[in-house]
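J.: First, the structure itself, so that you have it in front of you.
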2 protein chains.
Amino acid sequence: MSKKTDGTTSELVMPARRAFLKAGAAAGGVAAAGALGGHAFAAGDPENQAPNVADWSKYLGEGVDARPYGMPSEFESHVVRRNVEWLTASPESSVNFTPLHELDGIITPNGLCFERHHGGIAEVDPADYQLMINGLVDKPLILTMQDLMRLPRENKIYFLECAANSGMEWRGAQLNGCQFTHGMVHCVMYTGVPLRIILEEAGIKTNAKWIMPEGGDAAAMNRSIPMEKALDDCLIAFKMNGEALRPEQGYPARLVVPGWEGNMWVKWIRRIEVGDEPWHAREETSKYTDLLENGKARRFTWEMDCKSVVTNPSPQAPLQVKGHNILTGLAWSGRGTVDRVDITLDGGKNWRTARIDGPVLPKSLTRFYYEFEWNGEDLLLQSRAIDSTGYIQPTKDQLRAVRGENSIYHNNGIQTWHVQASGEVENVEVS
Amino acid sequence: MSKKTDGTTSELVMPARRAFLKAGAAAGGVAAAGALGGHAFAAGDPENQAPNVADWSKYLGEGVDARPYGMPSEFESHVVRRNVEWLTASPESSVNFTPLHELDGIITPNGLCFERHHGGIAEVDPADYQLMINGLVDKPLILTMQDLMRLPRENKIYFLECAANSGMEWRGAQLNGCQFTHGMVHCVMYTGVPLRIILEEAGIKTNAKWIMPEGGDAAAMNRSIPMEKALDDCLIAFKMNGEALRPEQGYPARLVVPGWEGNMWVKWIRRIEVGDEPWHAREETSKYTDLLENGKARRFTWEMDCKSVVTNPSPQAPLQVKGHNILTGLAWSGRGTVDRVDITLDGGKNWRTARIDGPVLPKSLTRFYYEFEWNGEDLLLQSRAIDSTGYIQPTKDQLRAVRGENSIYHNNGIQTWHVQASGEVENVEVS
């Protein structure tokens with residue numbers, strides 16, 4: 001990897017080699033499709049002049065009036081969010097998962113951003129939307145959408161990760177697929193008003209130390225957030241990837257708390273109370289705390305630690321061919337940028353540095369690649385991310401040694417995929 | 001604006017002011033919604049303790065199993081691509097337009113990326129997809145999707161603009177809305193294989209100077225592209241904003257020709273022929289050339305010149321309230337980054353510098369904002385972009401002086417919106 005000062009990585013610098021794709025038989029025209037892919041044919045062949053003309057070239061396709069709002073190809077109908085029915089009692093207080101193994105780059109398309117609700121999706125009419133700022137402020141406020149649109153905006157790419165992402169993995173390898181083990185993370189470009197500007201508009205009193213955002217859904221989700229974070233980089237966002245927030249992401253406005261656990265990013269936000277101490281709400285006491293071995297619980301563990309996962313190959317995306325293959329995955333840190341990602345094919349005996357490509361931005365997903373040859377041997381794939389604070393992603397056992405066996409949240413341990421001779425991949429744990 | 005070396009712009013640096021929103025009457029609780037927006041209420045009011053509880057807070061919403069692939073809110077049903085029926089003879093060879101006035105940031109969501117087809121949307125099964133490389137190469141190739149997925153990938157955010165964007169404006173102000181005057185541009189993150197790697201895999205002969213990409217649609221769209229560009233930054237892209245290309249954007253694979261006119265970004269790409277001279281195809285002779293006053297035509301005018309447009313306010317997005325307002329828009333250049341955007345409210349008499357926010361990347365859209373006070377006076381809004389080569393976006397009259405009156409393509413002239421006392425906005429031209 002070669003990170004440039006403009007926040008992007010360098011162009012691919014590839015040695016002059018031509019061995020990516022093995023050539024098939026050249027005689028007799030186009031080679032039959034082989035397991036190794038890549039088919040050369042003789043330059044004198046008729047095919048060299050007359051390209052393969054497929055059926056779809058022979059008739060006019062759908063016109064521009066067919067879909068005012070476009071949708072994916074019908075051949076992509078397997079690329080969907082999935083829930084796990086046995087995981088929760090009802091779909092209104094549940095989760096579904098982003099199909100990370102089907103995606104690339106660092107942007108999650110809006111239709112595939114995972115959902116986590118505590119009272120279902122509030123259906124808010126933006127014409128009736130109000131955001132109240134009250135408590136320890138000089139001038140309590142109620143803002144409409146029109147008011148929000150008259151305040152200065154920022155555009156930022158941030159990941160959002162649920163604190164419970166990979167939570168099932170505390171008890172060992174369980175769910176078979178990175179969609180389920182790591183799919184409670186997404187990353188979009190937000191447009192929103194810095195919360196600082198709204199709080200300054202209301203005027204915070206000198207004893208104001210905390211805020212409590214509150215959701216407009218049936219769960220009235222609320223959390224305590226220290227004023228320092230509220231004034232730092234939080235946003236009241238109303239757009240994601242250019243368009244209005246999706247209903248399941250808090251339409252028409254949500255709180256963005258960069259780098260911190262998703263539960264704090266209150267959706268359908270209707271109120272921000274300013275206070276002098278935390279509220280000890282249900283979601284920061286009974287839930288979203290980490291019970292340790294000694295009976296005490298960690299709380300206010302807001303920042304999402306540096307983490308990574310190999311998305312391909314993975315249980316839902318087995319290896320298809322022997323020879324040259326590309327491994328890819330995602331890394332992120334709630335504390336800054338991802339500086340490096342290491343890859344092992346043998347369960348941690350040997351590590352190599354992955355190539356990072358695309359924007360490397362703070363509190364954003366980062367995409368990495370690693371090229372390797374595979375000849376049918378068993379592999380134990382792992383990725384390990386290192387962030388700009390020098391923090392190194394730990395193993396699951398290292399986490400358990402510190403936190404014990406009771407945890408649900410904040411599992412950022414190294415994930416292992418076992419690639420079998422068939423190319424199939426399973427979720428395993430190595431010690 | 002304050003551009004940092006990491007390619008992002010600085011955090012908002014706002015003076016300590018609190019005059020964005022005018023306060024309504026404080027006595028008697030929440031002020032009635034007024035034209036000026038922003039409602040203060042007395043701190044002792046009952047509302048300060050009991051927030052507005054809307055209907056949608058009182059019942060459970062839709063659960064996570066409702067939409068495996070999410071869609072926008074029903075309140076956003078007006079945010080769609082629109083076509084103009086009289087503009088073309090049939091929807092299969094036509095265009096629709098991105099609703100720029102409804103978007104923010106620099107990412108266009110996939111469902112709203114404008115469409116331009118010459119034979120309708122080819123419906124390509126990726127299992128049967130083939131990309132042929134033939135002509136002046138050592139080893140002609142046919143690549144499947146599986147082959148493409150084994151080659152190194154890049155992730156880049158690029159704008160795509162149709163050469164005919166703003167084409168109707170050559171004859172003076174015509175279509176009333178930036179969706180129609182400027183909506184043939186979008187901007188997404190592409191994932192794809194550098195074309196250079198594929199051409200090196202095939203081995204280009206020493207006399208190879210041009211490539212001809214050819215589409216798999218019924219139009220078999222083809223163009224000539226110089227080898228220097230092909231080896232520079234072109235991609236064979238298969239993903240946009242993380243997911244598979246949309247059908248109307250060339251699923252499963254298209255050519256990306258950064259900064260150059262959209263017609264060259266061949267969709268459903270099935271073949272790349274390598275040659276020693278251009279092919280003089282229909283779409284680079286009869287079309288996509290610019291007839292000058294002297295009867296000669298400009299051709300091979302590939303690069304998209306630096307351009308900008310105010311997206312709000314605009315004819316489809318009138319001013320709603322007097323007082324503090326925010327103007328926003330987009331700027332781009334096919335030659336590099338946008339260095340500066342200037343705004344005038346009086347048709348060019350006085351110019352001020354806009355604030356750029358979000359990533360500033362080469363050959364990408366760039367978002368700008370400008371805050372202003374409006375008291376009901378007539379305004380003549382314009383934006384003027386300057387790119388990293390020092391090129392300054394010209395007026396339409398400056399363009400006509402050089403190119404004459406016959407042009408259709410490459411209108412990057414300064415756009416004027418007339419804001420009337422009612423807040424309504426119309427497309428006008430000023431000399």
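In the structure tokens, chains take the letters A, B, ... in the order shown, each chain's residues start at 1, and ligands count up from 1 in the order shown.
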As a list of chain:residue names, list the residues of stretch 47-213 of chain A assigned to alpha helix (DSSP H) by DSSP on the backbone atoms of this structure.
T.: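 Filtering stretch 47-213 of chain A to alpha helix (DSSP H) leaves A:Met145, A:Gln146, A:Asp147, A:Leu148, A:Cys178, A:Gln179, A:Phe180, A:Thr181, A:His182, A:Leu195, A:Arg196, A:Ile197, A:Ile198, A:Leu199, A:Glu200, A:Glu201, A:Ala202.
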J.: May I have the residues from that selection written out with N, CA and C atoms, as a PDB file, in the first residue's frame?
T.:
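File written: out03.pdb
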```pdb
ATOM      1  N   MET A 145     -37.933  20.886   9.631  1.00  0.00           N
ATOM      2  CA  MET A 145     -37.008  20.518   8.558  1.00  0.00           C
ATOM      3  C   MET A 145     -36.535  21.765   7.817  1.00  0.00           C
ATOM      4  N   GLN A 146     -37.465  22.698   7.610  1.00  0.00           N
ATOM      5  CA  GLN A 146     -37.094  23.931   6.908  1.00  0.00           C
ATOM      6  C   GLN A 146     -36.032  24.708   7.688  1.00  0.00           C
ATOM      7  N   ASP A 147     -36.154  24.713   9.010  1.00  0.00           N
ATOM      8  CA  ASP A 147     -35.128  25.373   9.817  1.00  0.00           C
ATOM      9  C   ASP A 147     -33.770  24.690   9.645  1.00  0.00           C
ATOM     10  N   LEU A 148     -33.782  23.356   9.708  1.00  0.00           N
ATOM     11  CA  LEU A 148     -32.517  22.617   9.573  1.00  0.00           C
ATOM     12  C   LEU A 148     -31.831  22.930   8.247  1.00  0.00           C
ATOM     13  N   CYS A 178     -20.059 -13.851   6.686  1.00  0.00           N
ATOM     14  CA  CYS A 178     -19.682 -12.536   7.224  1.00  0.00           C
ATOM     15  C   CYS A 178     -20.883 -11.599   7.227  1.00  0.00           C
ATOM     16  N   GLN A 179     -21.918 -11.902   6.411  1.00  0.00           N
ATOM     17  CA  GLN A 179     -23.143 -11.111   6.504  1.00  0.00           C
ATOM     18  C   GLN A 179     -23.702 -11.159   7.922  1.00  0.00           C
ATOM     19  N   PHE A 180     -23.618 -12.342   8.548  1.00  0.00           N
ATOM     20  CA  PHE A 180     -24.212 -12.518   9.878  1.00  0.00           C
ATOM     21  C   PHE A 180     -23.222 -12.209  11.004  1.00  0.00           C
ATOM     22  N   THR A 181     -21.935 -12.521  10.781  1.00  0.00           N
ATOM     23  CA  THR A 181     -20.958 -12.262  11.846  1.00  0.00           C
ATOM     24  C   THR A 181     -20.556 -10.787  11.903  1.00  0.00           C
ATOM     25  N   HIS A 182     -20.544 -10.105  10.750  1.00  0.00           N
ATOM     26  CA  HIS A 182     -20.022  -8.734  10.693  1.00  0.00           C
ATOM     27  C   HIS A 182     -20.932  -7.759   9.953  1.00  0.00           C
ATOM     28  N   LEU A 195     -24.008  19.345  15.051  1.00  0.00           N
ATOM     29  CA  LEU A 195     -24.808  19.516  16.261  1.00  0.00           C
ATOM     30  C   LEU A 195     -24.333  20.726  17.052  1.00  0.00           C
ATOM     31  N   ARG A 196     -23.042  20.995  16.976  1.00  0.00           N
ATOM     32  CA  ARG A 196     -22.466  22.157  17.653  1.00  0.00           C
ATOM     33  C   ARG A 196     -23.194  23.447  17.281  1.00  0.00           C
ATOM     34  N   ILE A 197     -23.518  23.591  16.006  1.00  0.00           N
ATOM     35  CA  ILE A 197     -24.178  24.818  15.552  1.00  0.00           C
ATOM     36  C   ILE A 197     -25.564  24.940  16.168  1.00  0.00           C
ATOM     37  N   ILE A 198     -26.277  23.821  16.273  1.00  0.00           N
ATOM     38  CA  ILE A 198     -27.621  23.843  16.861  1.00  0.00           C
ATOM     39  C   ILE A 198     -27.541  24.141  18.361  1.00  0.00           C
ATOM     40  N   LEU A 199     -26.566  23.511  19.030  1.00  0.00           N
ATOM     41  CA  LEU A 199     -26.424  23.753  20.471  1.00  0.00           C
ATOM     42  C   LEU A 199     -26.001  25.201  20.735  1.00  0.00           C
ATOM     43  N   GLU A 200     -25.155  25.742  19.864  1.00  0.00           N
ATOM     44  CA  GLU A 200     -24.759  27.146  20.030  1.00  0.00           C
ATOM     45  C   GLU A 200     -25.941  28.074  19.763  1.00  0.00           C
ATOM     46  N   GLU A 201     -26.796  27.678  18.829  1.00  0.00           N
ATOM     47  CA  GLU A 201     -28.006  28.462  18.552  1.00  0.00           C
ATOM     48  C   GLU A 201     -28.900  28.520  19.798  1.00  0.00           C
ATOM     49  N   ALA A 202     -29.005  27.383  20.495  1.00  0.00           N
ATOM     50  CA  ALA A 202     -29.813  27.346  21.721  1.00  0.00           C
ATOM     51  C   ALA A 202     -29.071  27.980  22.897  1.00  0.00           C
TER      52      ALA A 202
END
```
J.: Skipping near chain neighbours, those fewer than 5 positions away, what residues fall within 6 Å of stretch 114-117 of chain A using only C-alpha atoms, listed as an NGL selection string?
T.: :A and (93-98 or 184)
J.: Hey, which of B:Ser166, B:Thr366, B:Gln174, B:Ser422 ends up closest to chain A? Count only C-alpha atoms.
T.: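 Among the listed residues, the smallest separation from chain A belongs to B:Thr366.
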J.: Just the residues within 8 Å of B:Ala354, please, counting only C-alpha atoms, with nothing from its chain fewer than 4 positions along; format it as a ChimeraX atom specification.
T.: /B:1,340-343,368-370
J.: Could you dump the residues just selected with N, CA, C and O atoms as a short mmCIF file (atom, residue, chain, number, x, y, z; two decimals), in the first residue's frame?
T.:
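result-v8.cif, written as the output of this step:
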```cif
data_model
loop_
_atom_site.label_atom_id
_atom_site.label_comp_id
_atom_site.auth_asym_id
_atom_site.auth_seq_id
_atom_site.Cartn_x
_atom_site.Cartn_y
_atom_site.Cartn_z
N MET B 1 -13.38 28.63 2.12
CA MET B 1 -13.03 27.22 2.03
C MET B 1 -11.60 27.03 2.50
O MET B 1 -10.73 27.86 2.35
N ARG B 340 -11.98 26.33 -6.87
CA ARG B 340 -12.74 27.43 -6.28
C ARG B 340 -14.06 27.55 -7.02
O ARG B 340 -14.15 27.24 -8.21
N VAL B 341 -15.09 27.99 -6.30
CA VAL B 341 -16.37 28.31 -6.92
C VAL B 341 -16.77 29.70 -6.44
O VAL B 341 -16.74 29.97 -5.23
N ASP B 342 -17.13 30.55 -7.38
CA ASP B 342 -17.60 31.90 -7.05
C ASP B 342 -19.11 31.97 -7.27
O ASP B 342 -19.66 31.29 -8.14
N ILE B 343 -19.74 32.82 -6.48
CA ILE B 343 -21.20 33.00 -6.54
C ILE B 343 -21.50 34.47 -6.76
O ILE B 343 -20.87 35.35 -6.15
N PHE B 368 -20.64 22.73 -3.16
CA PHE B 368 -20.36 24.04 -2.58
C PHE B 368 -21.62 24.64 -1.95
O PHE B 368 -22.74 24.24 -2.29
N TYR B 369 -21.39 25.58 -1.02
CA TYR B 369 -22.47 26.26 -0.31
C TYR B 369 -22.16 27.75 -0.23
O TYR B 369 -21.01 28.17 -0.21
N TYR B 370 -23.22 28.53 -0.17
CA TYR B 370 -23.06 29.96 0.03
C TYR B 370 -24.26 30.46 0.83
O TYR B 370 -25.41 30.22 0.46
#
```
J.: Given the choices B:Val310, B:Leu245, B:Met304, B:Met212, which gets closest to chain A if the distance is worked out from only C-alpha atoms?
T.: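 Closest residue, counting only C-alpha atoms: B:Leu245.
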J.: Leaving out B:Thr337 and any residue of its chain fewer than 6 positions from it, which residues lie within 12 Å of it when counting only C-alpha atoms, given as a PyMOL selection string?
T.: (chain A and resi 6) or (chain B and resi 3+7-8+158-159+259+305-307+331+356+359-367+385-391)
J.: Nearest residue to A:Gly216 out of B:Ala122, B:Val53, B:Leu235, B:Ala164, using only C-alpha atoms?
T.: B:Val53
J.: Separation of atom CA of A:Ala163 and atom CA of A:Ala218, in Å?
T.: 21.1 Å
J.: Tell me which protein, DNA and RNA residues are within 6 Å of stretch 102-106 of chain B, counting only C-alpha atoms, leaving out same-chain ones fewer than 2 positions away, and put them as JSON, numbers by chain.
T.: {"A": [155, 242, 243], "B": [99, 100, 365, 367]}
J.: My list of candidates is B:Thr416, B:Asn312, B:Ser383, B:Asn350. Which is closest to chain A when distances are computed with only C-alpha atoms?
T.: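 With only C-alpha atoms as the atom set, the closest residue is B:Asn312.
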J.: Could you find all residues in stretch 179-232 of chain B that DSSP calls strand (DSSP E) from the backbone, and write them as a PyMOL selection string?
T.: chain B and resi 185-194+210-215+225-226
J.: For the selection just defined, write its residues with C-alpha atoms to a file, as a PDB file, in the first residue's frame.
T.:
```pdb
ATOM      1  CA  VAL B 185     -24.415  14.139 -14.669  1.00  0.00           C
ATOM      2  CA  HIS B 186     -23.978  11.728 -11.774  1.00  0.00           C
ATOM      3  CA  CYS B 187     -21.163  10.715  -9.459  1.00  0.00           C
ATOM      4  CA  VAL B 188     -20.563   7.356  -7.796  1.00  0.00           C
ATOM      5  CA  MET B 189     -17.756   5.230  -6.403  1.00  0.00           C
ATOM      6  CA  TYR B 190     -16.736   2.667  -9.018  1.00  0.00           C
ATOM      7  CA  THR B 191     -14.986  -0.616  -8.385  1.00  0.00           C
ATOM      8  CA  GLY B 192     -13.271  -2.065 -11.414  1.00  0.00           C
ATOM      9  CA  VAL B 193     -10.183  -3.485 -13.068  1.00  0.00           C
ATOM     10  CA  PRO B 194      -7.761  -0.981 -14.615  1.00  0.00           C
ATOM     11  CA  TRP B 210      -6.268   3.225 -30.328  1.00  0.00           C
ATOM     12  CA  ILE B 211      -8.948   1.056 -28.771  1.00  0.00           C
ATOM     13  CA  MET B 212     -12.569   0.645 -29.789  1.00  0.00           C
ATOM     14  CA  PRO B 213     -14.841  -0.418 -26.916  1.00  0.00           C
ATOM     15  CA  GLU B 214     -18.129  -1.897 -28.150  1.00  0.00           C
ATOM     16  CA  GLY B 215     -21.357  -2.324 -26.193  1.00  0.00           C
ATOM     17  CA  ILE B 225     -10.240   6.049 -27.558  1.00  0.00           C
ATOM     18  CA  PRO B 226      -6.515   6.812 -27.768  1.00  0.00           C
TER      19      PRO B 226
END
```
J.: Can you work out which one of A:Leu231, A:Ile392, A:Ala89, A:Val137 has the shortest atom-to-atom distance to chain B, counting only C-alpha atoms?
T.: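 Selected residue with least distance to chain B: A:Val137.
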J.: Can you measure atom CA of A:Leu345 to atom CA of A:Asp357 for me? One decimal in Å is fine.
T.: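 It comes out at 20.3 Å.
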J.: Could you tell me which of B:Cys162, B:Ala54, B:Val402, B:Ala281 comes closest to chain A if we count only C-alpha atoms?
T.: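 Selected residue with least distance to chain A: B:Ala54.
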J.: Please provide as an MDAnalysis selection string all residues within 9 Å of A:Pro68, with the sequence filter that same-chain residues fewer than 3 positions apart are discarded (counting only C-alpha atoms).
T.: (chainID A and resid 64:65) or (chainID B and resid 79:83 96 111:112)
J.: Mind writing the picked residues with C-alpha atoms as a PDB file, in the first residue's frame?
T.:
```pdb
ATOM      1  CA  VAL A  64     -35.811   5.522 -19.961  1.00  0.00           C
ATOM      2  CA  ASP A  65     -39.426   5.894 -18.847  1.00  0.00           C
TER       3      ASP A  65
ATOM      4  CA  VAL B  79     -37.515  12.473  -6.020  1.00  0.00           C
ATOM      5  CA  VAL B  80     -37.233  10.630  -9.312  1.00  0.00           C
ATOM      6  CA  ARG B  81     -35.499  10.679 -12.670  1.00  0.00           C
ATOM      7  CA  ARG B  82     -37.645  12.449 -15.244  1.00  0.00           C
ATOM      8  CA  ASN B  83     -37.602  12.319 -19.014  1.00  0.00           C
ATOM      9  CA  ASN B  96     -33.815  10.870 -18.339  1.00  0.00           C
ATOM     10  CA  GLY B 111     -31.521   4.666  -8.304  1.00  0.00           C
ATOM     11  CA  LEU B 112     -31.270   8.307  -9.388  1.00  0.00           C
TER      12      LEU B 112
END
```
J.: To one decimal place, how far is atom CA of B:Ile326 from atom CA of B:Gln398 in Å?
T.: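 These two atoms are separated by 28.8 Å.
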